[in-house]
Amino acid sequence: MLKKLDIDGSLLRLEVVSLEHQQELTDAVKDGNLWELWYTSVPKPENMEDYIKKAIQEYKDGVSLTFVVRHQLNHKIVGSTRYMNIELSHKRLEIGTTWYAKSYQRTGVNTECKYLLLTHAFEQLDCIAVEFRTHIHNLASRKAIENLGAKQDGILRNHKIDATGCLRDTVVFSIINAEWPTVKKSLEFKMKKKYQ
C-alpha cells in the first residue's frame, strides 16, 4: 500500500483527499459543469460525498490514492487526480481519474500536477512504468497525455460498459523508466516557459 503523503510544487499542492475537501471539490466541479461530459467519470455535485468516501475506501483496499489539486497562489482546490491500479510488486501504477475546473484547464496546472506525480512514482516509488488511460472520444485528454511525453501503447476495444450502457474503447499510454529523464527535462522546460 502507498503511504499517504502530500506533494508540494511551485504552482500546486497535492493533498490526500478527505471529507473536509467536499465543498471545495463541489465548487471546482461546478466550474464548467464537468460531469456533463459523457466520456469522463467526473462526479456530479450531489454525488461528491460518495465520490470521496469511495476514494477513501479504495485507499484502504490498497488500489488507489486520491489527491485534491490545490492552487498555491489562491489556495483553491481546482481538481482531483489519483494513483490507481497500483501494482507495487510489479513496480507500476496508473495516473488517472484526473479532472480540473474549466477555468484552470490549459493553464499549466496539468503539466505540473503530472510532473509531481511522475517524479514521485519514478524517483521515490521506483516504478518501471506509469500508465495513463482515457476514453477514445476524450480528444483533449489524449492530446494532454501525449504532450506529457507518454507513448500510446494501444486501444482496449469494448473495454468497459459505461453508466448508460454504451461500450467504451480505452486508449492506453505509458511512460517507462528509461524515458523518464528525457520526459522530466521536457516537462521542466515547459513549466519554466509557462511560468516566465
# chains A, B, ... in the order shown; residues from 1 in each chain; ligands from 1
call {"tool": "select_by_dssp", "arguments": {"residues": "stretch 49-128 of chain A", "states": "strand (DSSP E)", "output": "PDB file with N, CA and C atoms, in the first residue's frame"}}
result
ATOM      1  N   SER A  64      -5.898   2.482  -4.769  1.00  0.00           N
ATOM      2  CA  SER A  64      -5.696   3.838  -5.281  1.00  0.00           C
ATOM      3  C   SER A  64      -5.364   4.805  -4.148  1.00  0.00           C
ATOM      4  N   LEU A  65      -4.816   5.941  -4.530  1.00  0.00           N
ATOM      5  CA  LEU A  65      -4.544   7.042  -3.607  1.00  0.00           C
ATOM      6  C   LEU A  65      -4.966   8.316  -4.321  1.00  0.00           C
ATOM      7  N   THR A  66      -6.026   8.943  -3.811  1.00  0.00           N
ATOM      8  CA  THR A  66      -6.633  10.106  -4.461  1.00  0.00           C
ATOM      9  C   THR A  66      -6.151  11.397  -3.826  1.00  0.00           C
ATOM     10  N   PHE A  67      -5.861  12.375  -4.692  1.00  0.00           N
ATOM     11  CA  PHE A  67      -5.422  13.696  -4.261  1.00  0.00           C
ATOM     12  C   PHE A  67      -6.403  14.761  -4.725  1.00  0.00           C
ATOM     13  N   VAL A  68      -6.514  15.838  -3.946  1.00  0.00           N
ATOM     14  CA  VAL A  68      -7.109  17.063  -4.467  1.00  0.00           C
ATOM     15  C   VAL A  68      -5.947  17.915  -4.957  1.00  0.00           C
ATOM     16  N   VAL A  69      -6.212  18.726  -5.961  1.00  0.00           N
ATOM     17  CA  VAL A  69      -5.202  19.601  -6.548  1.00  0.00           C
ATOM     18  C   VAL A  69      -5.498  21.015  -6.077  1.00  0.00           C
ATOM     19  N   ARG A  70      -4.604  21.553  -5.229  1.00  0.00           N
ATOM     20  CA  ARG A  70      -4.804  22.889  -4.673  1.00  0.00           C
ATOM     21  C   ARG A  70      -3.826  23.863  -5.328  1.00  0.00           C
ATOM     22  N   HIS A  71      -4.356  25.002  -5.784  1.00  0.00           N
ATOM     23  CA  HIS A  71      -3.524  26.037  -6.385  1.00  0.00           C
ATOM     24  C   HIS A  71      -2.829  26.809  -5.271  1.00  0.00           C
ATOM     25  N   ILE A  77      -8.983  24.681  -4.289  1.00  0.00           N
ATOM     26  CA  ILE A  77      -8.939  23.357  -4.909  1.00  0.00           C
ATOM     27  C   ILE A  77      -9.478  23.507  -6.321  1.00  0.00           C
ATOM     28  N   VAL A  78      -8.693  23.021  -7.283  1.00  0.00           N
ATOM     29  CA  VAL A  78      -9.060  23.202  -8.692  1.00  0.00           C
ATOM     30  C   VAL A  78      -9.320  21.877  -9.402  1.00  0.00           C
ATOM     31  N   GLY A  79      -9.229  20.760  -8.673  1.00  0.00           N
ATOM     32  CA  GLY A  79      -9.495  19.474  -9.295  1.00  0.00           C
ATOM     33  C   GLY A  79      -9.037  18.314  -8.446  1.00  0.00           C
ATOM     34  N   SER A  80      -8.941  17.165  -9.105  1.00  0.00           N
ATOM     35  CA  SER A  80      -8.566  15.936  -8.410  1.00  0.00           C
ATOM     36  C   SER A  80      -7.817  15.011  -9.365  1.00  0.00           C
ATOM     37  N   THR A  81      -6.968  14.153  -8.803  1.00  0.00           N
ATOM     38  CA  THR A  81      -6.232  13.157  -9.581  1.00  0.00           C
ATOM     39  C   THR A  81      -5.899  12.002  -8.655  1.00  0.00           C
ATOM     40  N   ARG A  82      -5.381  10.918  -9.207  1.00  0.00           N
ATOM     41  CA  ARG A  82      -5.048   9.796  -8.328  1.00  0.00           C
ATOM     42  C   ARG A  82      -4.026   8.850  -8.938  1.00  0.00           C
ATOM     43  N   TYR A  83      -3.347   8.145  -8.036  1.00  0.00           N
ATOM     44  CA  TYR A  83      -2.617   6.941  -8.391  1.00  0.00           C
ATOM     45  C   TYR A  83      -3.654   5.819  -8.310  1.00  0.00           C
ATOM     46  N   MET A  84      -3.694   4.964  -9.328  1.00  0.00           N
ATOM     47  CA  MET A  84      -4.676   3.888  -9.321  1.00  0.00           C
ATOM     48  C   MET A  84      -4.095   2.643  -9.979  1.00  0.00           C
ATOM     49  N   ASN A  85      -4.849   1.548  -9.899  1.00  0.00           N
ATOM     50  CA  ASN A  85      -4.362   0.265 -10.427  1.00  0.00           C
ATOM     51  C   ASN A  85      -2.920   0.029  -9.983  1.00  0.00           C
ATOM     52  N   ILE A  86      -2.705   0.242  -8.705  1.00  0.00           N
ATOM     53  CA  ILE A  86      -1.364   0.173  -8.123  1.00  0.00           C
ATOM     54  C   ILE A  86      -0.910  -1.286  -8.021  1.00  0.00           C
ATOM     55  N   GLU A  87       0.246  -1.571  -8.599  1.00  0.00           N
ATOM     56  CA  GLU A  87       0.849  -2.903  -8.524  1.00  0.00           C
ATOM     57  C   GLU A  87       2.305  -2.726  -8.103  1.00  0.00           C
ATOM     58  N   ARG A  92       4.620  -0.730 -10.941  1.00  0.00           N
ATOM     59  CA  ARG A  92       3.868   0.063 -11.909  1.00  0.00           C
ATOM     60  C   ARG A  92       2.562   0.541 -11.287  1.00  0.00           C
ATOM     61  N   LEU A  93       2.051   1.618 -11.842  1.00  0.00           N
ATOM     62  CA  LEU A  93       0.766   2.160 -11.428  1.00  0.00           C
ATOM     63  C   LEU A  93       0.230   3.010 -12.566  1.00  0.00           C
ATOM     64  N   GLU A  94      -0.991   3.460 -12.388  1.00  0.00           N
ATOM     65  CA  GLU A  94      -1.637   4.341 -13.376  1.00  0.00           C
ATOM     66  C   GLU A  94      -1.921   5.679 -12.707  1.00  0.00           C
ATOM     67  N   ILE A  95      -1.791   6.746 -13.463  1.00  0.00           N
ATOM     68  CA  ILE A  95      -2.242   8.069 -13.024  1.00  0.00           C
ATOM     69  C   ILE A  95      -3.523   8.338 -13.791  1.00  0.00           C
ATOM     70  N   GLY A  96      -4.609   8.602 -13.064  1.00  0.00           N
ATOM     71  CA  GLY A  96      -5.869   8.781 -13.778  1.00  0.00           C
ATOM     72  C   GLY A  96      -6.952   9.393 -12.933  1.00  0.00           C
ATOM     73  N   THR A  97      -8.184   9.297 -13.469  1.00  0.00           N
ATOM     74  CA  THR A  97      -9.365   9.923 -12.882  1.00  0.00           C
ATOM     75  C   THR A  97      -9.044  11.380 -12.541  1.00  0.00           C
ATOM     76  N   THR A  98      -8.393  12.042 -13.492  1.00  0.00           N
ATOM     77  CA  THR A  98      -7.973  13.432 -13.309  1.00  0.00           C
ATOM     78  C   THR A  98      -8.992  14.376 -13.927  1.00  0.00           C
ATOM     79  N   TRP A  99      -9.350  15.394 -13.199  1.00  0.00           N
ATOM     80  CA  TRP A  99     -10.210  16.444 -13.748  1.00  0.00           C
ATOM     81  C   TRP A  99      -9.862  17.769 -13.077  1.00  0.00           C
ATOM     82  N   TYR A 100     -10.056  18.849 -13.848  1.00  0.00           N
ATOM     83  CA  TYR A 100      -9.775  20.205 -13.357  1.00  0.00           C
ATOM     84  C   TYR A 100     -10.951  21.112 -13.672  1.00  0.00           C
TER      85      TYR A 100
END
call {"tool": "residues_around", "arguments": {"residues": "A:Lys151", "least_positions_apart": "3", "cutoff": "9 Å", "atoms": "only C-alpha atoms", "output": "ChimeraX atom specification"}}
result
/A:145-146,172-175
call {"tool": "write_last_selection", "arguments": {"atoms": "C-alpha atoms", "output": "PDB file, in the first residue's frame"}}
result
ATOM      1  CA  ILE A 145      -1.263  12.842 -22.261  1.00  0.00           C
ATOM      2  CA  GLU A 146       0.790  12.874 -25.470  1.00  0.00           C
ATOM      3  CA  VAL A 172      -3.664   3.259 -23.133  1.00  0.00           C
ATOM      4  CA  PHE A 173      -0.468   5.328 -22.875  1.00  0.00           C
ATOM      5  CA  SER A 174       2.652   4.883 -20.761  1.00  0.00           C
ATOM      6  CA  ILE A 175       5.992   6.344 -19.779  1.00  0.00           C
TER       7      ILE A 175
END
call {"tool": "atom_distance", "arguments": {"atom1": "atom CA of A:His21", "atom2": "atom CA of A:Glu112"}}
result
20.8 Å
call {"tool": "closest_residue", "arguments": {"among": "A:Trp180, A:Ala140, A:Leu156, A:Ile52", "to": "A:Thr40", "atoms": "only C-alpha atoms"}}
result
A:Ala140
call {"tool": "atom_distance", "arguments": {"atom1": "atom CA of A:Ala101", "atom2": "atom CA of A:Leu187"}}
result
21.6 Å
call {"tool": "select_by_dssp", "arguments": {"residues": "stretch 18-186 of chain A", "states": "helix (DSSP H, G or I)", "output": "MDAnalysis selection string"}}
result
chainID A and resid 19:30 34:36 45:60 88:90 102:104 109:123 139:148 180:186
call {"tool": "residues_around", "arguments": {"residues": "A:Ser186", "least_positions_apart": "2", "cutoff": "12 Å", "atoms": "only C-alpha atoms", "output": "ChimeraX atom specification"}}
result
/A:111-112,115,147-150,179-184,188-193
call {"tool": "atom_distance", "arguments": {"atom1": "atom CA of A:Leu88", "atom2": "atom CA of A:Lys4"}}
result
14.7 Å
call {"tool": "residues_around", "arguments": {"residues": "A:Asp27", "least_positions_apart": "4", "cutoff": "8 Å", "atoms": "only C-alpha atoms", "output": "list of chain:residue names"}}
result
A:Gln23, A:Asp31, A:Pro45
